[in-house]
Structures are given as structure tokens and as C-alpha cells.
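Next comes entry.pdb, with PDB, C-alpha atoms.
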```pdb
ATOM      1  CA  MET R 207      13.770 -19.852  32.895
ATOM      2  CA  ASP R 208      11.368 -16.964  32.347
ATOM      3  CA  GLN R 209       8.703 -18.198  29.892
ATOM      4  CA  SER R 210       8.372 -14.738  28.303
ATOM      5  CA  ILE R 211      12.036 -14.878  27.299
ATOM      6  CA  MET R 212      11.536 -18.329  25.778
ATOM      7  CA  HIS R 213       8.487 -17.044  23.897
ATOM      8  CA  LYS R 214      10.563 -14.231  22.420
ATOM      9  CA  ALA R 215      13.108 -16.783  21.226
ATOM     10  CA  GLU R 216      10.339 -18.880  19.638
ATOM     11  CA  VAL R 217       9.021 -15.814  17.797
ATOM     12  CA  LEU R 218      12.465 -15.086  16.365
ATOM     13  CA  VAL R 219      12.925 -18.708  15.284
ATOM     14  CA  GLU R 220       9.480 -18.672  13.631
ATOM     15  CA  ALA R 221      10.483 -15.552  11.684
ATOM     16  CA  LEU R 222      13.759 -17.010  10.400
ATOM     17  CA  PRO R 223      12.478 -18.986   7.360
ATOM     18  CA  TYR R 224      10.479 -15.967   6.169
ATOM     19  CA  ILE R 225      13.508 -13.693   6.501
ATOM     20  CA  GLN R 226      15.510 -16.217   4.472
ATOM     21  CA  LYS R 227      12.818 -16.726   1.828
ATOM     22  CA  PHE R 228      12.211 -13.038   1.152
ATOM     23  CA  ASN R 229      15.734 -11.722   1.597
ATOM     24  CA  ARG R 230      16.510  -9.154  -1.134
ATOM     25  CA  LYS R 231      12.920  -9.385  -2.393
ATOM     26  CA  ILE R 232      10.918  -6.236  -3.189
ATOM     27  CA  VAL R 233       7.941  -5.534  -0.939
ATOM     28  CA  VAL R 234       5.491  -2.718  -1.729
ATOM     29  CA  VAL R 235       3.467  -1.381   1.203
ATOM     30  CA  LYS R 236       0.364   0.680   0.500
ATOM     31  CA  TYR R 237       0.029   2.886   3.561
ATOM     32  CA  GLY R 238      -3.305   4.565   4.252
ATOM     33  CA  GLY R 239      -6.461   4.623   6.354
ATOM     34  CA  SER R 240      -6.510   4.987  10.132
ATOM     35  CA  ALA R 241      -2.860   3.959  10.419
ATOM     36  CA  MET R 242      -1.968   7.355   8.915
ATOM     37  CA  LEU R 243      -4.030   9.337  11.416
ATOM     38  CA  ASP R 244      -3.003   7.797  14.745
ATOM     39  CA  ASP R 245       0.510   8.848  15.806
ATOM     40  CA  HIS R 246       1.185   5.597  17.677
ATOM     41  CA  LEU R 247       0.088   3.457  14.716
ATOM     42  CA  LYS R 248       2.143   5.631  12.375
ATOM     43  CA  GLU R 249       5.229   4.993  14.502
ATOM     44  CA  ASP R 250       4.511   1.229  14.478
ATOM     45  CA  VAL R 251       4.122   1.087  10.690
ATOM     46  CA  ILE R 252       7.347   2.970  10.080
ATOM     47  CA  LYS R 253       9.210   0.780  12.599
ATOM     48  CA  ASP R 254       7.863  -2.325  10.826
ATOM     49  CA  VAL R 255       9.012  -1.106   7.409
ATOM     50  CA  VAL R 256      12.420  -0.107   8.765
ATOM     51  CA  LEU R 257      12.795  -3.561  10.344
ATOM     52  CA  LEU R 258      11.911  -5.187   7.005
ATOM     53  CA  LYS R 259      14.657  -3.118   5.410
ATOM     54  CA  LEU R 260      17.222  -3.969   8.069
ATOM     55  CA  VAL R 261      16.630  -7.754   7.832
ATOM     56  CA  GLY R 262      17.183  -7.729   4.072
ATOM     57  CA  PHE R 263      13.861  -6.924   2.396
ATOM     58  CA  LYS R 264      13.628  -4.131  -0.182
ATOM     59  CA  PRO R 265      10.542  -2.162   0.904
ATOM     60  CA  VAL R 266       8.819   0.573  -1.093
ATOM     61  CA  ILE R 267       6.041   2.673   0.477
ATOM     62  CA  VAL R 268       3.132   4.116  -1.528
ATOM     63  CA  HIS R 269       0.985   6.345   0.653
ATOM     64  CA  GLY R 270      -2.367   8.049   0.463
ATOM     65  CA  GLY R 271      -3.605  11.080   2.342
ATOM     66  CA  GLY R 272      -7.261  11.452   1.419
ATOM     67  CA  LYS R 273      -8.489  12.427   4.882
ATOM     68  CA  ASP R 274      -5.815  15.108   5.211
ATOM     69  CA  ILE R 275      -6.752  16.442   1.768
ATOM     70  CA  SER R 276     -10.427  16.654   2.767
ATOM     71  CA  LYS R 277      -9.458  18.484   5.969
ATOM     72  CA  TRP R 278      -7.490  21.128   4.061
ATOM     73  CA  VAL R 279     -10.146  21.465   1.364
ATOM     74  CA  LYS R 280     -12.660  22.308   4.114
ATOM     75  CA  ARG R 281     -10.217  24.740   5.729
ATOM     76  CA  SER R 282      -9.989  26.488   2.364
ATOM     77  CA  GLY R 283     -13.762  27.084   2.448
ATOM     78  CA  MET R 284     -14.698  24.340  -0.020
ATOM     79  CA  GLU R 285     -16.669  21.141   0.450
ATOM     80  CA  PRO R 286     -15.068  17.841  -0.667
ATOM     81  CA  ARG R 287     -17.119  16.068  -3.346
ATOM     82  CA  PHE R 288     -16.958  12.427  -4.401
ATOM     83  CA  VAL R 289     -18.448  10.499  -7.320
ATOM     84  CA  ASN R 290     -18.468   6.692  -6.960
ATOM     85  CA  GLY R 291     -15.795   6.967  -4.278
ATOM     86  CA  LEU R 292     -13.484   9.165  -6.377
ATOM     87  CA  ARG R 293     -12.666  12.711  -5.303
ATOM     88  CA  VAL R 294     -13.819  15.440  -7.683
ATOM     89  CA  THR R 295     -10.572  17.340  -8.215
ATOM     90  CA  ASP R 296     -10.793  20.806  -9.743
ATOM     91  CA  ASP R 297      -7.804  23.175 -10.099
ATOM     92  CA  ALA R 298      -7.977  24.420  -6.509
ATOM     93  CA  THR R 299      -8.429  20.933  -5.048
ATOM     94  CA  MET R 300      -5.534  19.600  -7.135
ATOM     95  CA  GLU R 301      -3.283  22.332  -5.773
ATOM     96  CA  ILE R 302      -4.281  21.425  -2.207
ATOM     97  CA  ALA R 303      -3.922  17.673  -2.859
ATOM     98  CA  GLU R 304      -0.389  18.038  -4.180
ATOM     99  CA  MET R 305       0.608  20.305  -1.304
ATOM    100  CA  VAL R 306      -0.836  17.945   1.329
ATOM    101  CA  LEU R 307       0.523  14.737  -0.217
ATOM    102  CA  ASN R 308       4.026  16.173  -0.501
ATOM    103  CA  ARG R 309       3.835  17.313   3.132
ATOM    104  CA  VAL R 310       2.762  13.803   4.203
ATOM    105  CA  ASN R 311       5.515  12.333   2.032
ATOM    106  CA  LYS R 312       8.332  14.320   3.618
ATOM    107  CA  GLY R 313       6.926  13.621   7.083
ATOM    108  CA  LEU R 314       7.247   9.888   6.419
ATOM    109  CA  VAL R 315      10.786  10.366   5.103
ATOM    110  CA  GLN R 316      11.635  12.205   8.313
ATOM    111  CA  LYS R 317      10.305   9.349  10.474
ATOM    112  CA  VAL R 318      12.254   6.703   8.529
ATOM    113  CA  GLU R 319      15.453   8.752   8.655
ATOM    114  CA  SER R 320      15.041   9.211  12.430
ATOM    115  CA  LEU R 321      15.321   5.404  12.762
ATOM    116  CA  GLY R 322      18.635   5.286  10.919
ATOM    117  CA  VAL R 323      17.498   4.234   7.435
ATOM    118  CA  HIS R 324      17.963   6.481   4.394
ATOM    119  CA  ALA R 325      14.695   7.239   2.590
ATOM    120  CA  VAL R 326      13.858   9.309  -0.482
ATOM    121  CA  GLY R 327      10.407  10.808  -0.996
ATOM    122  CA  ILE R 328       9.225  11.177  -4.576
ATOM    123  CA  SER R 329       5.979  11.692  -6.457
ATOM    124  CA  GLY R 330       4.840   9.932  -9.601
ATOM    125  CA  LYS R 331       6.146  12.956 -11.508
ATOM    126  CA  ASP R 332       9.762  12.265 -10.599
ATOM    127  CA  GLY R 333      11.683  10.439 -13.291
ATOM    128  CA  GLY R 334       8.441   9.970 -15.233
ATOM    129  CA  LEU R 335       7.440   7.301 -12.706
ATOM    130  CA  LEU R 336       3.664   7.503 -13.252
ATOM    131  CA  LYS R 337       2.116   8.659 -16.521
ATOM    132  CA  VAL R 338      -1.661   9.046 -16.569
ATOM    133  CA  LYS R 339      -4.682   9.992 -18.613
ATOM    134  CA  LYS R 340      -7.837  11.667 -17.380
ATOM    135  CA  ARG R 341     -10.080   9.258 -15.510
ATOM    136  CA  TYR R 342     -13.863   9.420 -15.732
ATOM    137  CA  SER R 343     -16.368   8.055 -13.246
ATOM    138  CA  GLY R 344     -19.410   6.538 -14.924
ATOM    139  CA  GLY R 345     -18.796   8.850 -17.871
ATOM    140  CA  GLU R 346     -18.693  11.917 -15.618
ATOM    141  CA  ASP R 347     -15.762  14.344 -15.708
ATOM    142  CA  ILE R 348     -14.308  14.482 -12.178
ATOM    143  CA  GLY R 349     -11.422  16.809 -12.952
ATOM    144  CA  PHE R 350      -7.754  16.077 -12.379
ATOM    145  CA  VAL R 351      -8.067  12.437 -11.385
ATOM    146  CA  GLY R 352      -5.624  10.223 -13.224
ATOM    147  CA  GLU R 353      -5.760   6.699 -14.587
ATOM    148  CA  ILE R 354      -2.272   5.206 -14.844
ATOM    149  CA  THR R 355      -1.183   4.411 -18.386
ATOM    150  CA  GLU R 356       2.537   3.818 -17.936
ATOM    151  CA  VAL R 357       5.028   3.137 -15.140
ATOM    152  CA  ASN R 358       8.747   3.816 -15.503
ATOM    153  CA  PRO R 359      10.347   2.083 -12.497
ATOM    154  CA  LYS R 360      13.935   3.084 -13.324
ATOM    155  CA  ILE R 361      14.134   5.723 -10.577
ATOM    156  CA  LEU R 362      12.878   3.165  -8.040
ATOM    157  CA  MET R 363      15.343   0.501  -9.167
ATOM    158  CA  ASP R 364      18.171   3.032  -8.934
ATOM    159  CA  LEU R 365      17.137   4.018  -5.396
ATOM    160  CA  LEU R 366      16.786   0.401  -4.267
ATOM    161  CA  GLU R 367      20.178  -0.475  -5.760
ATOM    162  CA  LYS R 368      21.743   2.394  -3.792
ATOM    163  CA  ASP R 369      20.076   1.086  -0.598
ATOM    164  CA  PHE R 370      17.474   3.854  -0.232
ATOM    165  CA  LEU R 371      13.881   3.276   0.875
ATOM    166  CA  PRO R 372      11.594   4.968  -1.693
ATOM    167  CA  ILE R 373       8.403   6.636  -0.423
ATOM    168  CA  ILE R 374       5.936   7.545  -3.185
ATOM    169  CA  CYS R 375       3.026   9.982  -3.178
ATOM    170  CA  PRO R 376       0.382   9.288  -5.863
ATOM    171  CA  ILE R 377       0.648  12.317  -8.134
ATOM    172  CA  GLY R 378       1.370  11.907 -11.847
ATOM    173  CA  TYR R 379       1.160  13.843 -15.067
ATOM    174  CA  ASP R 380      -0.369  13.314 -18.502
ATOM    175  CA  ASP R 381       1.018  13.799 -22.023
ATOM    176  CA  HIS R 382       0.568  17.569 -21.604
ATOM    177  CA  TYR R 383       2.411  17.521 -18.249
ATOM    178  CA  ASP R 384      -0.689  18.509 -16.289
ATOM    179  CA  SER R 385      -0.766  17.196 -12.705
ATOM    180  CA  TYR R 386      -3.283  14.538 -11.666
ATOM    181  CA  ASN R 387      -4.245  12.973  -8.352
ATOM    182  CA  ILE R 388      -4.127   9.137  -8.444
ATOM    183  CA  ASN R 389      -5.950   6.647  -6.264
ATOM    184  CA  ALA R 390      -3.242   5.332  -3.916
ATOM    185  CA  ASP R 391      -4.408   1.692  -4.246
ATOM    186  CA  ASP R 392      -4.082   1.960  -8.030
ATOM    187  CA  ALA R 393      -0.633   3.519  -7.689
ATOM    188  CA  ALA R 394       0.553   0.779  -5.318
ATOM    189  CA  CYS R 395      -0.637  -1.958  -7.687
ATOM    190  CA  ALA R 396       0.981  -0.316 -10.703
ATOM    191  CA  VAL R 397       4.287   0.178  -8.882
ATOM    192  CA  ALA R 398       4.293  -3.389  -7.504
ATOM    193  CA  SER R 399       3.579  -4.793 -10.963
ATOM    194  CA  ALA R 400       6.306  -2.730 -12.626
ATOM    195  CA  LEU R 401       8.836  -3.818  -9.996
ATOM    196  CA  HIS R 402       7.678  -7.470 -10.136
ATOM    197  CA  ALA R 403       7.380  -7.241  -6.367
ATOM    198  CA  ASN R 404       7.282 -10.441  -4.378
ATOM    199  CA  LYS R 405       4.773  -8.929  -1.947
ATOM    200  CA  LEU R 406       2.220  -6.132  -2.025
ATOM    201  CA  ALA R 407       0.621  -5.279   1.315
ATOM    202  CA  PHE R 408      -2.460  -3.086   1.769
ATOM    203  CA  LEU R 409      -2.856  -1.517   5.211
ATOM    204  CA  THR R 410      -6.616  -1.026   5.490
ATOM    205  CA  ASP R 411      -9.348  -0.408   8.048
ATOM    206  CA  THR R 412     -10.592  -3.989   7.938
ATOM    207  CA  GLU R 413      -9.156  -7.277   9.202
ATOM    208  CA  GLY R 414      -9.119  -8.830   5.730
ATOM    209  CA  VAL R 415     -11.641 -10.779   3.637
ATOM    210  CA  TYR R 416     -14.687 -12.593   5.044
ATOM    211  CA  ARG R 417     -16.968 -14.959   3.158
ATOM    212  CA  ASP R 418     -19.753 -13.337   5.175
ATOM    213  CA  PHE R 419     -18.743 -10.091   6.892
ATOM    214  CA  SER R 420     -21.439 -10.546   9.550
ATOM    215  CA  ASP R 421     -19.928 -13.916  10.497
ATOM    216  CA  LYS R 422     -16.494 -13.415  12.054
ATOM    217  CA  THR R 423     -15.787 -17.164  11.843
ATOM    218  CA  SER R 424     -15.842 -16.945   8.018
ATOM    219  CA  PHE R 425     -12.491 -15.144   7.792
ATOM    220  CA  ILE R 426     -10.382 -16.154   4.777
ATOM    221  CA  HIS R 427      -6.683 -16.500   5.644
ATOM    222  CA  SER R 428      -5.501 -17.337   2.125
ATOM    223  CA  MET R 429      -6.819 -17.756  -1.395
ATOM    224  CA  GLN R 430      -5.383 -18.056  -4.875
ATOM    225  CA  VAL R 431      -6.164 -15.706  -7.753
ATOM    226  CA  HIS R 432      -8.788 -17.913  -9.369
ATOM    227  CA  GLU R 433     -10.499 -18.320  -5.971
ATOM    228  CA  ALA R 434     -10.591 -14.536  -5.517
ATOM    229  CA  GLU R 435     -12.129 -14.136  -8.983
ATOM    230  CA  GLU R 436     -14.738 -16.777  -8.188
ATOM    231  CA  PHE R 437     -15.455 -15.075  -4.853
ATOM    232  CA  ILE R 438     -16.224 -11.749  -6.578
ATOM    233  CA  ALA R 439     -18.293 -13.459  -9.288
ATOM    234  CA  SER R 440     -20.345 -15.288  -6.640
ATOM    235  CA  GLY R 441     -21.386 -11.989  -5.054
ATOM    236  CA  GLY R 442     -19.563 -12.824  -1.820
ATOM    237  CA  ALA R 443     -17.546  -9.593  -1.867
ATOM    238  CA  SER R 444     -19.348  -6.349  -1.199
ATOM    239  CA  GLY R 445     -18.804  -2.607  -0.888
ATOM    240  CA  GLY R 446     -15.262  -1.290  -0.799
ATOM    241  CA  MET R 447     -13.775  -4.802  -0.776
ATOM    242  CA  ILE R 448     -14.707  -5.345  -4.453
ATOM    243  CA  PRO R 449     -12.329  -2.728  -5.942
ATOM    244  CA  LYS R 450      -9.683  -3.757  -3.396
ATOM    245  CA  LEU R 451      -9.863  -7.388  -4.543
ATOM    246  CA  GLN R 452      -9.953  -6.329  -8.192
ATOM    247  CA  ASN R 453      -6.754  -4.339  -7.622
ATOM    248  CA  CYS R 454      -5.163  -7.372  -5.933
ATOM    249  CA  ILE R 455      -6.120  -9.670  -8.812
ATOM    250  CA  ALA R 456      -4.776  -7.210 -11.409
ATOM    251  CA  ALA R 457      -1.443  -6.979  -9.589
ATOM    252  CA  LEU R 458      -1.172 -10.766  -9.302
ATOM    253  CA  ARG R 459      -2.011 -11.212 -12.983
ATOM    254  CA  ASP R 460       0.759  -8.695 -13.746
ATOM    255  CA  GLY R 461       3.429 -10.705 -11.953
ATOM    256  CA  VAL R 462       3.217  -9.843  -8.240
ATOM    257  CA  ALA R 463       3.603 -13.093  -6.283
ATOM    258  CA  ARG R 464       1.521 -12.358  -3.163
ATOM    259  CA  VAL R 465      -0.881  -9.649  -2.047
ATOM    260  CA  HIS R 466      -1.753  -9.136   1.620
ATOM    261  CA  ILE R 467      -4.817  -7.290   2.937
ATOM    262  CA  LEU R 468      -4.104  -6.275   6.543
ATOM    263  CA  ASP R 469      -5.726  -4.346   9.359
ATOM    264  CA  GLY R 470      -3.560  -1.241   9.696
ATOM    265  CA  ARG R 471      -5.315  -0.437  12.993
ATOM    266  CA  LEU R 472      -3.528  -3.386  14.616
ATOM    267  CA  PRO R 473      -0.060  -2.490  15.943
ATOM    268  CA  HIS R 474       2.786  -4.153  14.002
ATOM    269  CA  SER R 475       0.375  -5.826  11.572
ATOM    270  CA  LEU R 476       3.092  -6.052   8.891
ATOM    271  CA  LEU R 477       5.431  -8.029  11.139
ATOM    272  CA  LEU R 478       2.648 -10.306  12.361
ATOM    273  CA  GLU R 479       1.602 -11.043   8.782
ATOM    274  CA  PHE R 480       5.055 -11.510   7.260
ATOM    275  CA  PHE R 481       6.891 -13.316  10.051
ATOM    276  CA  THR R 482       4.374 -15.699  11.650
ATOM    277  CA  ASN R 483       2.993 -18.989  10.361
ATOM    278  CA  GLN R 484      -0.648 -18.009  10.852
ATOM    279  CA  GLY R 485      -0.470 -14.356   9.827
ATOM    280  CA  ILE R 486      -3.234 -11.934  10.755
ATOM    281  CA  GLY R 487      -4.717 -10.850   7.413
ATOM    282  CA  THR R 488      -5.796 -12.309   4.078
ATOM    283  CA  VAL R 489      -3.110 -13.284   1.584
ATOM    284  CA  ILE R 490      -3.983 -13.770  -2.079
ATOM    285  CA  ILE R 491      -1.420 -15.823  -3.937
ATOM    286  CA  ASN R 492      -0.507 -16.066  -7.589
ATOM    287  CA  ASP R 493      -1.788 -19.392  -8.967
ATOM    288  CA  GLU R 494       1.818 -20.485  -9.645
ATOM    289  CA  GLU R 495       2.809 -19.933  -6.013
ATOM    290  CA  THR R 496       2.254 -22.422  -3.174
ATOM    291  CA  LYS R 497       0.232 -21.471  -0.098
TER     292      LYS R 497
END
```

I'd like the structure from this file rewritten - as C-alpha cells, please.
Amino acid sequence: MDQSIMHKAEVLVEALPYIQKFNRKIVVVKYGGSAMLDDHLKEDVIKDVVLLKLVGFKPVIVHGGGKDISKWVKRSGMEPRFVNGLRVTDDATMEIAEMVLNRVNKGLVQKVESLGVHAVGISGKDGGLLKVKKRYSGGEDIGFVGEITEVNPKILMDLLEKDFLPIICPIGYDDHYDSYNINADDAACAVASALHANKLAFLTDTEGVYRDFSDKTSFIHSMQVHEAEEFIASGGASGGMIPKLQNCIAALRDGVARVHILDGRLPHSLLLEFFTNQGIGTVIINDEETK
């Protein structure tokens, strides 16, 4: 018998216990980075999420769009500005950000619908999903950048109950109903926590977590929350991985069971991580969970 056919059968059998374990469980996918810019990768991500839905998971997508926002800011004759990694968002930039993010949002809805699954695109404004206050960066006013103060997941629970796939763009409003741009990682963590998601997956531009990034043999496949905290405290984490890990830890402390950091540049990274014994990224597990 053709060995490739047998290998396909083995892959399906390997996936079975994970499909059983996470059936009807909520999975939040933070979609961003290079996987949003490459059309082939975009197709793969959407196919992965649709497959998760069709085998019984309850996926929710939270997406970014920072590179598209910067592109349109430049086209408008302005220069994007950042303070400590956060976009300075004045009135004009906020208007562009909301326009771009909603365009990205409906494009993702269109791709999901084309594969036969019903999706609904919403922003953090809809149903009072994400309430925010003004966020400062090192004490500096950076404009309409929001820090999440409250999540009302009712609209998401209603959509999931009616078998829709929610797709969220990270825009919220404050007590005065002014619009604010929200860091997509923060939004994904807040949504996952409010939904008590079983999994939160970050699609990033890195393979996962290394004890020493210059040593590719030091890759960390899994760690528990206290180990992640110790890793940050030891100085092992550096650069952009520090806030990413801090977000993961916060979500796990708020009731999310598992957080996955995956390389979104790798085709079908979600399926490889969720449905194989080895996985391909780093999973951080709530201390009450077993590895």
C-alpha cells in the first residue's frame, strides 16, 4: 500500500484525541503579523480556523492590521509615529485606523463565508464588547490608544450559541463614547479571559520561545505559568517577547487554560500545533492543567 496514504491515516488518528478533548471548547486566535500580508498564508489560516469550527471547536478570531494602517497613514501624507511600540493615534490616524481595521475585518468574514462557514465581523464597540480608558506610554499622551477596562462577552456568547464564527477588530470606546485603537494582543487576551477560553493562540513572526534566541536548540515546547514568570524574572526573555509573555501570563491567571505562541509564517501552523503530539510552537499551560 502507498506509504503516503498510510501516513495520512496516521495523521488523522493522531488528531482524534485532540478533537475529542477540545470539542465544543472556545478557542481564541489572535491573527496578525506576516500571516496577514501573504495571500497564501492568509488562505491557510482561514482554512485552519474553518476546519477547527467544522470538527467541533468554537473559534473566535481577533485580528490586527498595524502594517495596513501604517501604509494608509503614509498614503494620506502623514508619517506613522510610535512610542515604546505603541502607535501615536491622533484624530486623523484614528479615523484611518478604524477604516482600515473594518476593511480587514470584512475581508476576513468574506474568506470564511466562501468556505461555507457563517461568520460575523464586529468591533469592540458592538454590544459594548470592549470598554477602554486612555492609555499612556511612559506618562506620555499618545492619543486615542485604549487600555481595556471592561469586557462584555454577551454578544460573542450569543454568536457562538447560534453557530457563528465571530471575527473581532480591536476598536473600543470610553465612557464618553470616543473611539480608541487597542493593541490586538491585549484585545485577544481580554476576550479569551472573558470567554474562559480553553485555548488562546498567537500567530506571530517567531517560532515560539527560546531560552537563548541565538541557540536554536534551546527552543521551549511547553512551560507552566510559574515557569514563564521565572523565565521573565531571570532575564531570559528579551525584546518583543516580554510583553507577549506577560500577556500570556495575564490570560492564564484570568482563567484561560492554555496559550500557544506560533509561527504564523508556517503554513497550517494552527493545525500542526493543535492536532499533533509534538506541536510546532510554545504552549504555556495554566498551573492546574497537565502538560

Item checked: Separation of CA of Ser240 in chain R from CA of Lys253 in chain R in Å ->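 Between these atoms lies a distance of 16.5 Å.
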
Margin query: With the PyMOL selection byres ((chain R and resi 352) around 7) as the selection, what would be picked from this file? Answer as a ChimeraX atom specification, please.
Written below: /R:338-341,350-351,353-354,386-388

Distance table requested - range 387-470 of chain R against range 375-379 of chain R, cut-off 9 Å, only C-alpha atoms: one row per qualifying residue with the closest atom pair and its distance in Å to one decimal, ordered by chain and rising residue number, as a tab-separated table.
```
residue	atom	partner	partner_atom	distance
R:Asn387	CA	R:Ile377	CA	4.9
R:Ile388	CA	R:Pro376	CA	5.2
R:Asn389	CA	R:Pro376	CA	6.9
R:Ala390	CA	R:Pro376	CA	5.7
R:Asp392	CA	R:Pro376	CA	8.9
R:Ala393	CA	R:Pro376	CA	6.1
R:Ala394	CA	R:Pro376	CA	8.5
```

Next item on the list: Could you state which residues are captured by the PyMOL selection byres ((chain R and resi 319) around 12) in this file, as a VMD selection string?
Entry: chain R and resid 252 to 253 255 to 256 312 to 318 320 to 327 370 to 373

Keeping only C-alpha atoms, write the selected residues as a short mmCIF file (atom, residue, chain, number, x, y, z; two decimals), in the frame of the given file.
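Result file is again_17.cif:
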```cif
data_model
loop_
_atom_site.label_atom_id
_atom_site.label_comp_id
_atom_site.auth_asym_id
_atom_site.auth_seq_id
_atom_site.Cartn_x
_atom_site.Cartn_y
_atom_site.Cartn_z
CA ILE R 252 7.35 2.97 10.08
CA LYS R 253 9.21 0.78 12.60
CA VAL R 255 9.01 -1.11 7.41
CA VAL R 256 12.42 -0.11 8.76
CA LYS R 312 8.33 14.32 3.62
CA GLY R 313 6.93 13.62 7.08
CA LEU R 314 7.25 9.89 6.42
CA VAL R 315 10.79 10.37 5.10
CA GLN R 316 11.64 12.20 8.31
CA LYS R 317 10.30 9.35 10.47
CA VAL R 318 12.25 6.70 8.53
CA SER R 320 15.04 9.21 12.43
CA LEU R 321 15.32 5.40 12.76
CA GLY R 322 18.64 5.29 10.92
CA VAL R 323 17.50 4.23 7.44
CA HIS R 324 17.96 6.48 4.39
CA ALA R 325 14.70 7.24 2.59
CA VAL R 326 13.86 9.31 -0.48
CA GLY R 327 10.41 10.81 -1.00
CA PHE R 370 17.47 3.85 -0.23
CA LEU R 371 13.88 3.28 0.88
CA PRO R 372 11.59 4.97 -1.69
CA ILE R 373 8.40 6.64 -0.42
#
```

Notebook entry, point to check: Between CA of Val310 in chain R and CA of Asp274 in chain R, what is the distance, to one decimal in Å?
Noted result: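 If I compute the distance from CA of Val310 in chain R to CA of Asp274 in chain R, I get 8.7 Å.
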